[in-house]
Every structure is written in structure tokens, then in C-alpha cells.
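Written below as C-alpha cells is the structure these notes are about.
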There are 6 protein chains.
Amino acid sequence: MLNKNIETFIACDCEYADAKTVMFGAPFDSTTSFRPGTRFGPSAIRSESFGIETYSPYQNRDLEDICVFDSGDIELRIGDTDACLSQIEERAKTILDDGKRPMMIGGEHLVTLGVFRAIAERYPDVHIIHFDAHADLREDYLGVKHSHACVLRRCWDIIGDDRIHQFGIRSGERAEFEFAKTHTDMHPFSLEDVASVIKDLARKPVYFTLDLDVLDPSIFPGTGTPEAGGVSFEELRRAATQVCSSLNIVGCDVNELSPHYDHSGVSTAVACKIIREILLAMNE
Amino acid sequence: MLNKNIETFIACDCEYADAKTVMFGAPFDSTTSFRPGTRFGPSAIRSESFGIETYSPYQNRDLEDICVFDSGDIELRIGDTDACLSQIEERAKTILDDGKRPMMIGGEHLVTLGVFRAIAERYPDVHIIHFDAHADLREDYLGVKHSHACVLRRCWDIIGDDRIHQFGIRSGERAEFEFAKTHTDMHPFSLEDVASVIKDLARKPVYFTLDLDVLDPSIFPGTGTPEAGGVSFEELRRAATQVCSSLNIVGCDVNELSPHYDHSGVSTAVACKIIREILLAMNE
Amino acid sequence: MLNKNIETFIACDCEYADAKTVMFGAPFDSTTSFRPGTRFGPSAIRSESFGIETYSPYQNRDLEDICVFDSGDIELRIGDTDACLSQIEERAKTILDDGKRPMMIGGEHLVTLGVFRAIAERYPDVHIIHFDAHADLREDYLGVKHSHACVLRRCWDIIGDDRIHQFGIRSGERAEFEFAKTHTDMHPFSLEDVASVIKDLARKPVYFTLDLDVLDPSIFPGTGTPEAGGVSFEELRRAATQVCSSLNIVGCDVNELSPHYDHSGVSTAVACKIIREILLAMNE
Amino acid sequence: MLNKNIETFIACDCEYADAKTVMFGAPFDSTTSFRPGTRFGPSAIRSESFGIETYSPYQNRDLEDICVFDSGDIELRIGDTDACLSQIEERAKTILDDGKRPMMIGGEHLVTLGVFRAIAERYPDVHIIHFDAHADLREDYLGVKHSHACVLRRCWDIIGDDRIHQFGIRSGERAEFEFAKTHTDMHPFSLEDVASVIKDLARKPVYFTLDLDVLDPSIFPGTGTPEAGGVSFEELRRAATQVCSSLNIVGCDVNELSPHYDHSGVSTAVACKIIREILLAMNE
Amino acid sequence: MLNKNIETFIACDCEYADAKTVMFGAPFDSTTSFRPGTRFGPSAIRSESFGIETYSPYQNRDLEDICVFDSGDIELRIGDTDACLSQIEERAKTILDDGKRPMMIGGEHLVTLGVFRAIAERYPDVHIIHFDAHADLREDYLGVKHSHACVLRRCWDIIGDDRIHQFGIRSGERAEFEFAKTHTDMHPFSLEDVASVIKDLARKPVYFTLDLDVLDPSIFPGTGTPEAGGVSFEELRRAATQVCSSLNIVGCDVNELSPHYDHSGVSTAVACKIIREILLAMNE
Amino acid sequence: MLNKNIETFIACDCEYADAKTVMFGAPFDSTTSFRPGTRFGPSAIRSESFGIETYSPYQNRDLEDICVFDSGDIELRIGDTDACLSQIEERAKTILDDGKRPMMIGGEHLVTLGVFRAIAERYPDVHIIHFDAHADLREDYLGVKHSHACVLRRCWDIIGDDRIHQFGIRSGERAEFEFAKTHTDMHPFSLEDVASVIKDLARKPVYFTLDLDVLDPSIFPGTGTPEAGGVSFEELRRAATQVCSSLNIVGCDVNELSPHYDHSGVSTAVACKIIREILLAMNE
């Protein structure tokens, strides 16, 4: 008898019961009913992941050696943003309740808010490490509070000052940079200061949110708002590995790949490779 | 002294006071803050319109001979669908109040609802001629009522049975086709029956809404949901010209061009050409 | 507890035991280890199928009403053509042994040979209906006998004269057209004669192989060897529906989509729509 | 010892002395020093021609059976339009002096003027058959007389009234259509009238100039100015075959392929196929 | 009453009378009448500029705080190069006469010559800072003197030795590099020496011409002649900011974006961002 | 009389008898009969080479000053891998027998094996310098030994331990990296150690094989398996120049360009430029 077709990120086919990390996709980019955008990110990543190796020569570790479960995409109620965020929150809660770590693939950056609500409830002293080109600290965007341009501000609403550590930021309104001065720990333009922050966060629960547009658009053109002057893949790989292998990562997400703008496929391949490195580093 | 840079659809640079028809763009495709989709339609159409001639050998008429005013795009509050619809309604109302005919360039098809509210208020006995691949008659889409998959149903909420004349429809849920049987005048798959309907509508006020995906995707690939088996450009040109030159068109819209999926530029050129033909036919 | 991620062609999620038709993908385009070509066809079709409706207004039938099982792609031993063909043959045999009908998604056209071996063993009196731009009747291609340019010739090796009915053919070597005169039933350039052939085949077991490049490249650019002068989508839809609803189809395949050449996504959407129509027509 | 690398249109590798028809490319699209446009047409056509068969099932003839010499591209002095036209004229003259028929691959349509000067000198009673979307009858384009929008007008300067037979025209200024009424034999929108014109031209020397944008942009998107509402490939193939096999063609050209706008490669494949059909039809 | 549609580079909507800097586009790429190339640069930049922020975190300044007027594109007489250069010269003269600084967006690099004639007339002691991949110092290109490969040589004709400071040059004929040794101040391959040259030019009038292909094609693929081994965005941003904030910039231009080769949109976004930084730096 | 059309890499039009280096293309990417992949590499490189200068400002040398013969592509028996490798071996042997140096343009990396067999026979003490993203050291790939993932392992079969010097490797299975520890001289991730290896190889015969995917995909997206974290163009240019100008290069190849994934043309331009630098450096 033939089996049903199961599709996962490469080598993330562990049994749920055994997995320490549980992946899922949040194919959200708002209310358009088909096509544009980051909503196609998770499925592109899953299917293109078979183009990379499971082995990392950087870490000398192999996805075959660890145990990750990929539960696929949530079927979101596109068009009702609040409902979608609740669905994401619920999925994260289930994973956390089962003693596992959620790893979400976006989707636009707003999806972070859904997971983070569940994370913050369970780990009230959680810190956020945020890699991004954009500050995402607006109070609202044209009056809308649940926008991807506001997602870190919404996280700040939950956990308050000095708990959000931002790196690589190189775009935003003046007001966002002003806000950051007194409310977040912002390290603009590069990832250089990551090491020093890691020291301060030892043993604390940390949520890691990676907006892939922190990368320079030369290596990551496939995103909605390319912003020149970003970090190189090697800079990201090193910083992300350091964060994930040194800290107590209680959850994470990787977002903002928009595969339809990735004509050469390079952006998707980059996303797959960085996810492999994060998975390997977190599971040391 | 130098002048400010004014950009219009080709040859639609009449003075507002003199214009009988007023164009505007509704760059709406919902809540994503930049990039994907039909929101780029109006500006692509405006700028690529300079690649076509102002003269139509089909009608032996020239845009230079008529008087159209292009008021540019509305600055929509993207992310708040209801607010956007109100902004569109208001723009249409202004134009109608000044005794002119609105011609809107979308955007996704939902924008039609904004204009149509203003139209239906002024012309309570208005009929709709609807060219589309999709029925757009769902009661809701995943619970959302203001979706582009529901827009004609929302128009039906306003004007009721036997007032919506649908042509070219070749996709939808079974329930939409069932609904059409008793509530709309649906002519699926082709535009062949347009002539007979035109006879019945002589002298009545008519709103014409053209979803460009009624075209076969071979000639119009640049749209969100390409649906094979559509009409040819010539079939559309003839039917649209007939509708616009024979009937009392009190308003119209052309929508669903998604320029980022139009790599060759053919879809945008097609949109420009059909808009020229509509403008010329309406202004006979 | 969360479930594994199951991915199927839209609405083909029936239980295996209940299914009359079983789909599978043959992601074969030879020995290159990653990227180019038709090997990406089945997964593109599966994932883009969620962009079409399950309901067909042409047939007034819905995929939700029938029972199809999608068993996913075979993991082929790319680089060893003979081994791949055997794997495909074995999959088809399993399905036939369980009293079901195989429906394969290619992959290049050579994959047909694998399924057809199993079919011909079970139904020695089987006929083939073949829609294609190319005759595929070469004795060999640069000395290679297992080439996609030879696949119908290899089928002829098995079943012999007057059992292969070819439609839409518009390209090949002179020798292939000569061969066809005495050995196959070739109807070049169009699908017009399908109806008359159907009459002759009533009640006989028929294998239907559809090379999508029979379509005109205007509507199906995403293929390896686009050949102008093909049939329209409507012509294909009607002919394929007629074949599948009138005859005793014991197996079928749809092949030669090469998604990386399908920049607009139209070819993939076309493939999905024709597969829906075939599934609905076969399951009447 | 190894040979130099010779590149020709497929199977056009006859010796010059034996050839009746001599091809050459005119990679002209004006003064830009690298990249955009039709200047890449001839080399794209030459290299992609190896994707088509040498045999035509339409005519049951094979390029292997006839004798054509491809002399490659002229090295044009891009930037000096007059010099380029002279270079083209000179090449055509050489071919005519050797008792052969020139077949030029453009480049933009202006290149026709170069060949036609040589043709008209040798055949003062020559007629032109012109397939195009555009009338190309402007007196000047923004003051420039040697523009591709004026090329047939420049030919008219040479041969005068009633000698230019235009088909498929569907775009131009009003003045061009007015001019055509009294000076050319224009059959707008389609190729339907070709047969009747052929009768009138029996035995006369005829120059055939084919602007590929006469095709509908659905099948030929790769051109500078796509104009919807064109003829199908089959319509073009039939009309071109009829022209070339019935008349005394003393020279011809095929132009306006712009390969960089031909992402799928379909337009280039179409150009190759129509050139094959023309070569076969002319050499009956 | 509705307003006409005004389109400017983001936030460059100051009144002309108040503006210190006046932008305009020179959509020139020679005689082709539609489509290819850099002629689409200015309008792409204008419309995509709405994808970037008005605030620069690098300079902590905002376009909202300064006063720039964008006068749109000049309607050039494409096909007559000399006329086009005169039109550009005239526009620059008008701006200079009104005591303002011209900032031109190209178009191909030849457009610089038009502006520079006006600049050199008003500021006879002007120096040029030139960032480019190409030397642009040919005496002629295939006999043509007004070519974009000769533009700096034409500027040298006007101002002579030791007044042109070239940076980043990594391509040219041997003769150009020889010429540079005795006639210009060339710093090939990088922008490293900019600081030292700035010192020498303090208080002198300086014209800044930026050919965007000085950037590495990894970050700026959308140009006619991509030349590997270029500078990074950060290197360009720093050098351009230094030049524009330290020196007396009396005019400048940014050129050679060819949007049709910019499939991902990254090149256009890069152009917009560097223009923002230049505008902010010049207006300190 | 007109000449046949000869096409070579720019300025590589020396007579065979005079040439020290002989180029040829190996358009191999396995058994698919048309389209996908690296098989289009050599012809794209040849035709795009006319977009670069013949002069290198890096080396102050010009292709016009040296003597290279380009013998075009081998007509390979695609589909029969062993036959293809023999054809390549034979071509290399001819060149070596004539006392010249072969320079092959791929095609996929497996083509190296063909040339290398001829090289190793003539120079039994030859060493290999290998730049690549991938180790290519698998014993087999899904059971296939002649795969591009195994090519260096097959070379090792011929020459054994300590003769293969690998640089830039950043991807492979764990087993390949294990194998390298005891059998090859691997310098992963960068080209930094090239200088020290060069010292050790002075005067020895060296074969240089360059898989262009050693470059970062930001600058070289047009390849089958893009692997982030690669070297920059400048790093490659310097290392390749050093290798080719310092060592006794008895043969070399440049491979893995896949032009159909190179939408912007940048990858092909990069390949052309590095080939120019290699040719100039080898011919010092």
C-alpha cells in the first residue's frame, strides 16, 4: 500500500514525540487571496531545502543527527489579521505545552507577534534578539497597529524596556530611531556587537527573530523591501550560529522571504542554508 | 520657471472643468505595506501608456480629440479595508457631484465596491455589466466579506436580482454558479451574448466593471489568478467597445493588472490599449 | 499533538483504500543532480494546484465529490535511466495490482514508458491516445534509445501497429512522419479527429498520454521545446474531457511542464486546470 | 588539426557558390553601445535555431534538401545610422550581383531600407509585401526621417504609389492611415486578403518584409512595441508560405525580435520556425 | 475640485522658488523609439522612491527637512543626439540662472555632457568628480564622438588637464588608461583615495557625476554593461556622502540605471537610496 | 564573395598553428535533449564576450597581444555519458599532441574528467588546483559514479593522494570532508592559502579546474546549485591570476555557468571577465 505524501524541510522528519524543535510555516502576508508575497515563503523553503546538504562543514554537524519535526503550514484565515495571529499563537502554545521549542517560518514579520505572545506568557523574563534591516518600531502604519512595520513595537508593548536587542537596523522613520534610544537596545547597521550582548544574556530565555532582509539585497533580493547596505551571508551565519549555540533559545522565527521576487532562486537557497545552521546550532 | 511634473494616462491631460470623464487610480491590494500586486497597476498603466498611440484605427478616433482628466492615485490607508473603500467612494462622489463620469483603474477587484456605492446612490436603477474570469459571488471568503472574491455579491446586496450581467465567467465555487442562476444574469465562458443584453439595457444607466483576467492568460499573464480558457483581445475589444459606445455608461473601472507578474510588459500594454478603446467609445 | 505535513494535489486527499485513481509524480529529467527542468514539474503542480477551484463549471463536477489519492513523487535514482524506468513501472504495477488506475505527473515524456510497461502487461489489448507537439517516434536520438524523443516508438515496440493514436503532432524528423504512415494512426496539427477515433475505441482499454506542449506556447511557454502552432486551451480541454469521459481509461499521464521557464506561472496554472478536468472526466 | 568555429542558422551551411539564398544579420537598433534590443536578434535566432527540426511537416520539405548560405552579421558602425544603412545596402548589392537572393535578419525595421535600396535599383518594378502591426508610414519621428517608424515611407519615397501592400496593420497615427488611403495598398488588422493580392502580383519581382510584431503578443512577446490584436502563428505561417511559394521573391527580411524581452524563449523559437518555413517556401 | 497628478522623487515636492536643488530626468539612451534601456531610469527611480524612507539613519537627516524641486523628465527629441544635448544644456542653464543647483537623473552617461556645458560656462574653474566602472575617455566609439563611452573625454575637451578626478575605474581600452596618465587624475579600482582629493578641492566648484555601474553588479545588476569587481554600496555611500557634504557641489548627476534588466528591483532601490543620501549630504 | 560566419570568444581568432592555447566548449549537462542548463554555457560565454574589453587594466595586458584559438563546441552524443567523456578526452589529446594547452569551457563539472584523462596520461606527475563551492568527492551519487558530484573523486582515482589542492569548498557530505582529510589537500571556505600552495608547486605541471560556483551567488547567481558564503570576484580574480601566471598550467577549464538562470546577464559577464584574466595570465 502506498503512503501519503509527506513534505518537510530536508531531514526534519523526526517523530513529534521525539523532537526538541518543531517547525511550522505561517504563510501570512495579509488579505490578498492568492499569489503575491511572503505567504509563499514557507512552501518554497520546504521544497528548495532539498537542494542543500544536510551536513554543515561550518559546524561539523548534520541534520541527520538531530531530531526536528516539521508540522507544515498553518491554514490561516487570510483577510482577518487578528484571527491569523491567534491561530499562530495557539500553534506555538501547543508546541510549548509539549515541552518543545517552536521554530516558525514566515510569512511577513508580523507573524512574530503571534508566537511571541505564547512565548512571553511562558517565559515572562524573555529577551528578544532581533536581526533586521528595519526597526519595525512604529506605533502604527497609516493608522494600522498590526502591521509588519510595527511588530517589534507590539512586542515591546508586552515586555517593555531593555528587553529587545536589535541588530543590523538601517532603515526606519526618525521617530523609530528616537524610540529605540530610550526603549530598546539598538545596534544599527551591523551585527558586530552580538558577542557582547550574548554575554549579558547568558542563561536567560531568549527569542530569536530573524528578518532575512538584514542581509544585503545582493545576496537576498527576494524580499518585499530590499535595503542596500546589509550584512553579508558570512556575517549573518556567524552571528546567528553564535546566538543559537550560546544562548537559551526558547523559540525563533525566520521570515520575509518573498519567493516570487527571487528569480534566480538564490534568496530561497540562502534561507534554507541559514535555517540549517540555526537548527544545528540550537540543538547542540 | 520650471513646472511641476504632471503624469497622466497618455493624452488625458484635459482641464478638470472641461472633462466629461475623470480617471483615478485605486492602488489597493490590501494590507502588505510594499510591493506585491495590483496596487502597482495604476502607476504602471499610466507610465506605459506612452508606448501606445493616441489614435485608434478600430474606431478612427483619437484621444487628442476628447477631453479626459486623470486625477492620479488616491493615497489609500492600506491595511484598513473599510477606510479605503470609503476613500474610493468619496472620490467617486466628488466626480459624480461635478456632473462627470468616474473611471477607476485598480487595484484588486474589491475597489469596485467603493465606486459602486456612490454610483448606486446617484443612479438607483443602475445595471452592472461585468466581464471577468471569476464569478466573485461568494458570500464570504474564509469568513471575510470584503474580499475581491465577493465583490459582485456585495454589489448585489445593494441592487438586488437581475441587475448584474456577467460575461466570460469560467471559475468559481459551485455555490456561486448556483447563486447566479436565480440572482444574476450570468453568461459563462464567453462574451458572445453581449449584443443581446445591450438591447435590453438601452437608455438605462450602466456601470461597466472590467476584470482584465477575463482575457486568456496567454495575452494577459500579469494577474494574480490566471485562468486559462479566456477570451481573446479582439473579443474583449469588440465587446467593450460595443458596451461603451451603445450604452449610457455612468461609470466604469478596469482592474486586476499585477505588473510584477508581467515580465514581458505585454499585459500592461494590453491594459493601456483597452483603456484607450473604452475612453474613445464612451466619449462618442 | 501535531500532524505531519501532507501535501497533495488539491482535494486529492482520499484514503488509498477508497481511491479509484492514484496520482504520483515522476520527477525525471535525467542525470543532472539539481535544478533544470521537468523534474520540478510534479511538485510545482501540487503546490500551485491550490490556486485553482475544485469545482469545474465546464463539467459541473467537483473534486470534493470524487476520491483520488496522491502518493507523492517517486524518489528516482537520477542518472540511471533504466533504474528510474523500473521504479516507475513498479509503482504503476502496485497501483494496478490494487485494482486502481495510475495517473502519473511527469517529468519528461520518457517516464510514460515506465507506466506503459505495467499497463501493457495487464491490458495486452490496450490502445494509446497521444496528444503532443512532437511525434516522439525516433528509433534513437544520437544513438540513445531511451530518450524522450523516442518514447512512443518504444511503446510501439511493445504493442505494435495501429494501436497508437497521435493528435496535434507538428514537429519531428521526416523519418518519423514516414514511420507514422504505416505504423501509427497519426492526426497531425490538431485534435479535430478525436471524436471519430473515440467511436472506434469504445469499450477497449485506453492509455492516455498528454504531453502538454501540444498546447500553443502562447498559453504554455513553460516547457523545454516550445513549438508554435499548437492547440488552444479550449481545444485541449474539450478533447481531453471527451477522451476521458467516453473511453475506458486504464491509466494516464500529464507531462513536460518545466516550471523554471514559466516565469508568469501561467503554464503551471494551465497544467493544474487540465489535470482537474481529466480527473473529473475519468471519474464520471 | 582543429577547425574554426562556424555558426549558421540550422542547416544553412551550404557553400556560397552553390547557394540561391544568402542570409545575413543586421544587428542594428541604433547608437547604444551594448545590450538592449533587437540588435541581439540575429545571433539569438542563429543559436536557438538548433532547437527546431530542419524538417517541416507543413510543407513536407527539409532544410537539408535546399542550399542556403548564412554569412553572419554585418559589423555595423553603430551610432552612425547612415553609414549602417550603406553597409547593409552594400551587402545586399554583393549578394544580388552574384545572382542570389538576400535574406536579412534584423534588427529593428529600419534595416529594411538598406536592403531595399539595392533591390529597387536592380528591380525597378519591384513591389513590397509588408506584414506588420505598425504602418511605419510617418514622414518623420520627432524630426528624424531615418527611424523605424518611417521605414515604409522611405521605401515609398523610392518606388511611389500602389507598390506597397500592407497587411495586419493595427497601429499608427491618424495621418499614416490617411496617407495609406491614397498611396499604399493597406489591408489593416489581418492577413486575410493576401491571396487576392498574390494573384495580382504573379511574375512581378516582390520584396517581402516581415515585422514579427504582426503576430499577437501572446505568441510573440519579445519585441519592442507589443501590440495586442495580432495574427496567430498559423495565420502568419500560412500567409508567409503562400507569399513565398507563389511569388517571385527577390529578397526578404524578418525583423524586430528583441530577445532580452523574451524570457521564456518562445518568441525566438517562433522566429526560427517562421524563417524555416520561409526558406523552404522560397526554394520550391 | 480634483488636482492634477503630480509625481516627484519622494518628498521632493518643494516649491521651485524655494528650492536650492532642482532635479530633472534625462530619459536618453539614443534613437530607438520605445523600450530598451536607461531611458526608463528616471521614471523608475521616481516611482520606486516611495519604497524607501525619507529619513537617513546614516546622516540623521530627513528629506522632509530640506527643499528640493523635481521638475520631471525633459521631453527629448530622441534620435537627434545633438538636439537632446542642447535640450539638457538649456534645462541646466535655466536652473543655474535661477541660482539653483541642477541634479540630473539619467539616462545613459552621455547626458552628463549636456549639463556640464552649462556648468562649465558658469563655473570655468570647475572640477569633476567621476565615479564609474568605465573610463569613458575614448576619442570616439566606432567613429562616433558623442557616445557614452566618450563622455569624460568630451568634458576634458572643455576643461582640459588635471580637472577630472576619476574613481573606481576598472574597464576601458589600453589607450584610455594611457590617456588618463597624462590628462586626468585617475584612481582606478576603488574609491579609497576620495578623501585626499577632497582636501585638494576645498572651496572649488565641483561637478559630481555618478555612473551607478561603479557599484559591483552583485548589488547593481540593472545596467547596460555590468562590470564585476566594483565597490560595495557602503563604500559608495560613504564616498558619495563625503564628496557631497564636504565640497562645493554646483551640480551633479546619477545615471545608467536600466530598469528592464533589474528583475528583482534591487538596482532601482539602490539608486533611490543613494540619491536620498546625496540630496541630504548636499543640503547640509 | 562572402565568408562563412566564424564565432569565437572575443579576440581568440588566432590561427590554430600559431596558438599556444586552444579553447573549446563542452556543452554537456546530460541526457535531456534540449534546453536546461550548463550545456548553454559555452555558447553564452562566446557570444556575451563581446560585451567586455579585450584589455585588462589589472594586468595591463590585452587579448589582442596574445594568440588563442577557439575551436568551438564539441558535438557531444548527449545521453551517453561515457561516449561524451571520450569525445572530450579525444579533443584534449589532439590539442596536447599538437603541443598546445587545452582550455575547456563547460558544461557541468563532470566534463573535467574527460580532459583530465588526457592530461594525466601526458603529465603523470600533474597536480590539480581546484576552486569550487562543492567538494565533488563522493564515491557515487545515488549509485552513479560518473556524476558531477563525484568528478574530483574520479580524478583522484587516476592520480591518487596529495595531488589535488582544493580551495573555497563549503558544501558536501560529511564523508567527503572526511575523505579529504587523508586524501586531498583541502582548504575550505576561502582562497587565502593559494599563495602558499603555489610555492610548493613551482615548476610542476598543474591542471586548473575552476567551478564558477566558488563565487558567492550574489555575483554569480546563474548556476545550478548556488551556495552562499562564497568568495568575491576580486578574491577569485587575484587567486586565479596568481595561479595562472606563477605556475606551469598545462590545461584548465571553467565550468558550471547555467545561463538560463542568469536573468540579469551578470553571471555570464563574470565568466567572460575571469576567462579573459586567465588567458592573459597563462600567456605571460
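Chain identifiers are assigned as A, B, and so on, following the order in which chains appear in the C-alpha cells; residues are numbered from 1 within each chain, and ligands are numbered from 1 in order of appearance.
Secondary structure by DSSP on the backbone puts the following residues of range 16-89 of chain C in helix (DSSP H, G or I): Tyr16, Ala17, Asp18, Thr38, Arg39, Phe40, Gly41, Pro42, Ser43, Ala44, Ile45, Arg46, Ser47, Glu48, Ser49, Phe50, Gly51, Leu63, Glu64, Asp65, Thr81, Asp82, Ala83, Cys84, Leu85, Ser86, Gln87, Ile88 and Glu89 of chain C.
Counting only C-alpha atoms, Ala17 in chain E has the following residues at most 9 Å away, ignoring those fewer than 3 positions along the same chain: Met1 of chain B; Cys14, Lys20, Phe69 and Asp98 of chain E.
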All strand (DSSP E or B) residues (DSSP, backbone) inside range 63-151 of chain B, as a compact mmCIF listing (two decimals) with all heavy atoms, in the first residue's frame:
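Generated file (out_12.txt):
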```txt
# COMPACT_ATOMS: atom_id res chain seq x y z
N VAL B 68 -10.37 64.12 -21.29
CA VAL B 68 -10.36 63.29 -20.08
C VAL B 68 -9.36 63.88 -19.10
O VAL B 68 -8.29 64.35 -19.49
CB VAL B 68 -9.98 61.82 -20.41
CG1 VAL B 68 -9.99 60.97 -19.16
CG2 VAL B 68 -10.92 61.25 -21.48
N PHE B 69 -9.70 63.84 -17.83
CA PHE B 69 -8.83 64.34 -16.77
C PHE B 69 -8.39 63.16 -15.92
O PHE B 69 -9.22 62.39 -15.46
CB PHE B 69 -9.60 65.35 -15.91
CG PHE B 69 -8.81 65.90 -14.76
CD1 PHE B 69 -8.03 67.03 -14.92
CD2 PHE B 69 -8.86 65.30 -13.50
CE1 PHE B 69 -7.30 67.56 -13.84
CE2 PHE B 69 -8.14 65.82 -12.43
CZ PHE B 69 -7.36 66.96 -12.61
N ASP B 70 -7.08 63.03 -15.71
CA ASP B 70 -6.55 61.95 -14.87
C ASP B 70 -6.09 62.55 -13.55
O ASP B 70 -5.11 63.29 -13.50
CB ASP B 70 -5.39 61.27 -15.60
CG ASP B 70 -4.76 60.15 -14.78
OD1 ASP B 70 -5.13 59.97 -13.60
OD2 ASP B 70 -3.88 59.45 -15.33
N SER B 71 -6.82 62.23 -12.48
CA SER B 71 -6.51 62.85 -11.19
C SER B 71 -5.52 62.05 -10.36
O SER B 71 -5.32 62.34 -9.18
CB SER B 71 -7.81 63.07 -10.41
OG SER B 71 -8.39 61.83 -10.07
N GLY B 72 -4.91 61.04 -10.94
CA GLY B 72 -3.88 60.29 -10.22
C GLY B 72 -4.43 59.28 -9.23
O GLY B 72 -5.64 58.99 -9.20
N ASP B 73 -3.56 58.73 -8.42
CA ASP B 73 -3.96 57.71 -7.46
C ASP B 73 -4.46 58.32 -6.16
O ASP B 73 -3.95 59.35 -5.71
CB ASP B 73 -2.76 56.81 -7.12
CG ASP B 73 -2.37 55.89 -8.26
OD1 ASP B 73 -3.02 55.94 -9.32
OD2 ASP B 73 -1.41 55.13 -8.08
N ARG B 101 -18.17 61.61 -15.17
CA ARG B 101 -18.19 60.15 -15.08
C ARG B 101 -16.88 59.64 -14.51
O ARG B 101 -15.81 59.93 -15.05
CB ARG B 101 -18.39 59.60 -16.49
CG ARG B 101 -18.31 58.09 -16.59
CD ARG B 101 -18.76 57.66 -17.97
NE ARG B 101 -18.14 58.47 -19.00
CZ ARG B 101 -18.63 58.67 -20.20
NH1 ARG B 101 -19.77 58.11 -20.57
NH2 ARG B 101 -17.99 59.41 -21.07
N PRO B 102 -16.92 58.84 -13.44
CA PRO B 102 -15.68 58.28 -12.89
C PRO B 102 -15.20 57.07 -13.69
O PRO B 102 -15.99 56.22 -14.08
CB PRO B 102 -16.08 57.87 -11.47
CG PRO B 102 -17.54 57.61 -11.53
CD PRO B 102 -18.10 58.49 -12.63
N MET B 103 -13.90 57.03 -13.90
CA MET B 103 -13.28 55.84 -14.48
C MET B 103 -12.10 55.47 -13.59
O MET B 103 -11.10 56.18 -13.55
CB MET B 103 -12.79 56.13 -15.89
CG MET B 103 -11.93 54.97 -16.40
SD MET B 103 -11.91 54.87 -18.19
CE MET B 103 -11.21 53.23 -18.39
N MET B 104 -12.26 54.35 -12.89
CA MET B 104 -11.25 53.95 -11.92
C MET B 104 -10.34 52.87 -12.49
O MET B 104 -10.80 51.93 -13.14
CB MET B 104 -11.94 53.42 -10.67
CG MET B 104 -10.98 52.89 -9.61
SD MET B 104 -11.85 52.43 -8.09
CE MET B 104 -12.97 51.17 -8.74
N ILE B 105 -9.04 52.98 -12.19
CA ILE B 105 -8.08 51.93 -12.53
C ILE B 105 -7.66 51.25 -11.23
O ILE B 105 -7.14 51.90 -10.32
CB ILE B 105 -6.83 52.52 -13.21
CG1 ILE B 105 -7.19 53.48 -14.35
CG2 ILE B 105 -5.91 51.41 -13.70
CD1 ILE B 105 -7.97 52.86 -15.48
N GLY B 106 -7.91 49.90 -11.13
CA GLY B 106 -7.49 49.16 -9.92
C GLY B 106 -6.07 48.73 -10.09
O GLY B 106 -5.43 48.98 -11.12
N HIS B 127 -27.65 49.31 -13.76
CA HIS B 127 -27.29 47.91 -14.03
C HIS B 127 -25.77 47.80 -14.07
O HIS B 127 -25.08 48.79 -14.30
CB HIS B 127 -27.86 47.46 -15.37
CG HIS B 127 -29.32 47.14 -15.32
ND1 HIS B 127 -29.82 45.88 -15.51
CD2 HIS B 127 -30.39 47.95 -15.09
CE1 HIS B 127 -31.15 45.91 -15.41
NE2 HIS B 127 -31.51 47.16 -15.16
N ILE B 128 -25.29 46.59 -13.86
CA ILE B 128 -23.85 46.35 -13.95
C ILE B 128 -23.56 45.41 -15.12
O ILE B 128 -24.21 44.37 -15.24
CB ILE B 128 -23.30 45.72 -12.66
CG1 ILE B 128 -23.37 46.71 -11.50
CG2 ILE B 128 -21.86 45.24 -12.85
CD1 ILE B 128 -22.93 46.13 -10.17
N ILE B 129 -22.61 45.79 -15.95
CA ILE B 129 -22.05 44.84 -16.91
C ILE B 129 -20.69 44.43 -16.37
O ILE B 129 -19.84 45.29 -16.10
CB ILE B 129 -21.92 45.46 -18.32
CG1 ILE B 129 -23.31 45.87 -18.81
CG2 ILE B 129 -21.21 44.48 -19.27
CD1 ILE B 129 -23.67 45.45 -20.21
N HIS B 130 -20.51 43.14 -16.20
CA HIS B 130 -19.35 42.59 -15.50
C HIS B 130 -18.64 41.58 -16.40
O HIS B 130 -19.18 40.53 -16.71
CB HIS B 130 -19.86 41.92 -14.21
CG HIS B 130 -18.81 41.15 -13.46
ND1 HIS B 130 -19.08 39.93 -12.87
CD2 HIS B 130 -17.52 41.42 -13.19
CE1 HIS B 130 -17.98 39.48 -12.28
NE2 HIS B 130 -17.03 40.36 -12.44
N PHE B 131 -17.40 41.92 -16.81
CA PHE B 131 -16.56 40.97 -17.57
C PHE B 131 -15.52 40.42 -16.61
O PHE B 131 -14.76 41.20 -16.00
CB PHE B 131 -15.83 41.67 -18.72
CG PHE B 131 -16.68 42.12 -19.88
CD1 PHE B 131 -18.07 42.01 -19.87
CD2 PHE B 131 -16.07 42.68 -21.01
CE1 PHE B 131 -18.83 42.43 -20.97
CE2 PHE B 131 -16.82 43.10 -22.09
CZ PHE B 131 -18.21 42.98 -22.08
N HIS B 134 -13.85 35.22 -13.07
CA HIS B 134 -14.35 34.70 -11.79
C HIS B 134 -15.72 35.29 -11.47
O HIS B 134 -15.94 36.48 -11.70
CB HIS B 134 -13.36 35.04 -10.68
CG HIS B 134 -11.95 34.62 -11.00
ND1 HIS B 134 -11.08 35.45 -11.65
CD2 HIS B 134 -11.30 33.45 -10.80
CE1 HIS B 134 -9.92 34.81 -11.84
NE2 HIS B 134 -10.03 33.60 -11.35
N TYR B 141 -15.21 34.99 2.00
CA TYR B 141 -14.02 34.20 1.66
C TYR B 141 -13.26 33.96 2.95
O TYR B 141 -12.70 34.89 3.53
CB TYR B 141 -13.16 34.96 0.65
CG TYR B 141 -12.00 34.15 0.13
CD1 TYR B 141 -12.20 33.14 -0.81
CD2 TYR B 141 -10.71 34.36 0.61
CE1 TYR B 141 -11.15 32.38 -1.28
CE2 TYR B 141 -9.65 33.61 0.13
CZ TYR B 141 -9.88 32.62 -0.80
OH TYR B 141 -8.82 31.85 -1.26
N VAL B 144 -14.31 36.36 5.49
CA VAL B 144 -14.15 37.78 5.20
C VAL B 144 -15.14 38.19 4.11
O VAL B 144 -15.19 37.58 3.06
CB VAL B 144 -12.71 38.07 4.73
CG1 VAL B 144 -12.51 39.55 4.47
CG2 VAL B 144 -11.72 37.56 5.76
```
Check every residue of chain F for an atom within 10 Å of chain E, counting only C-alpha atoms, and provide those that qualify as a ChimeraX atom specification.
-> /F:51-58,60-62,216-221,232-237,263-271,273-274
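Take CA of Ala239 in chain B and CA of Ala202 in chain B: the distance between them is 15.4 Å.
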Which residues come within 12 Å of Gly25 in chain E, counting only C-alpha atoms, excluding same-chain residues fewer than 4 positions away, as a VMD selection string?
-> (chain B and resid 5) or (chain E and resid 8 to 9 38 to 46 70 to 76 87 to 88 91 to 92 102 to 108 111 to 112 115 253 to 257)
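Take CA of Lys204 in chain C and CA of Leu279 in chain C: the distance between them is 19.2 Å.
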Find the residues near Cys67 in chain A: any atom within 9 Å, counting only C-alpha atoms, skip ones fewer than 6 places away on the same chain, and give them as an MDAnalysis selection string.
-> chainID A and resid 11:16 18:21 283
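When only C-alpha atoms are used to compute distances to Ile95 in chain D, the closest of the residues F:Val126, F:Leu2, F:Leu152, F:Val250 turns out to be F:Leu2.
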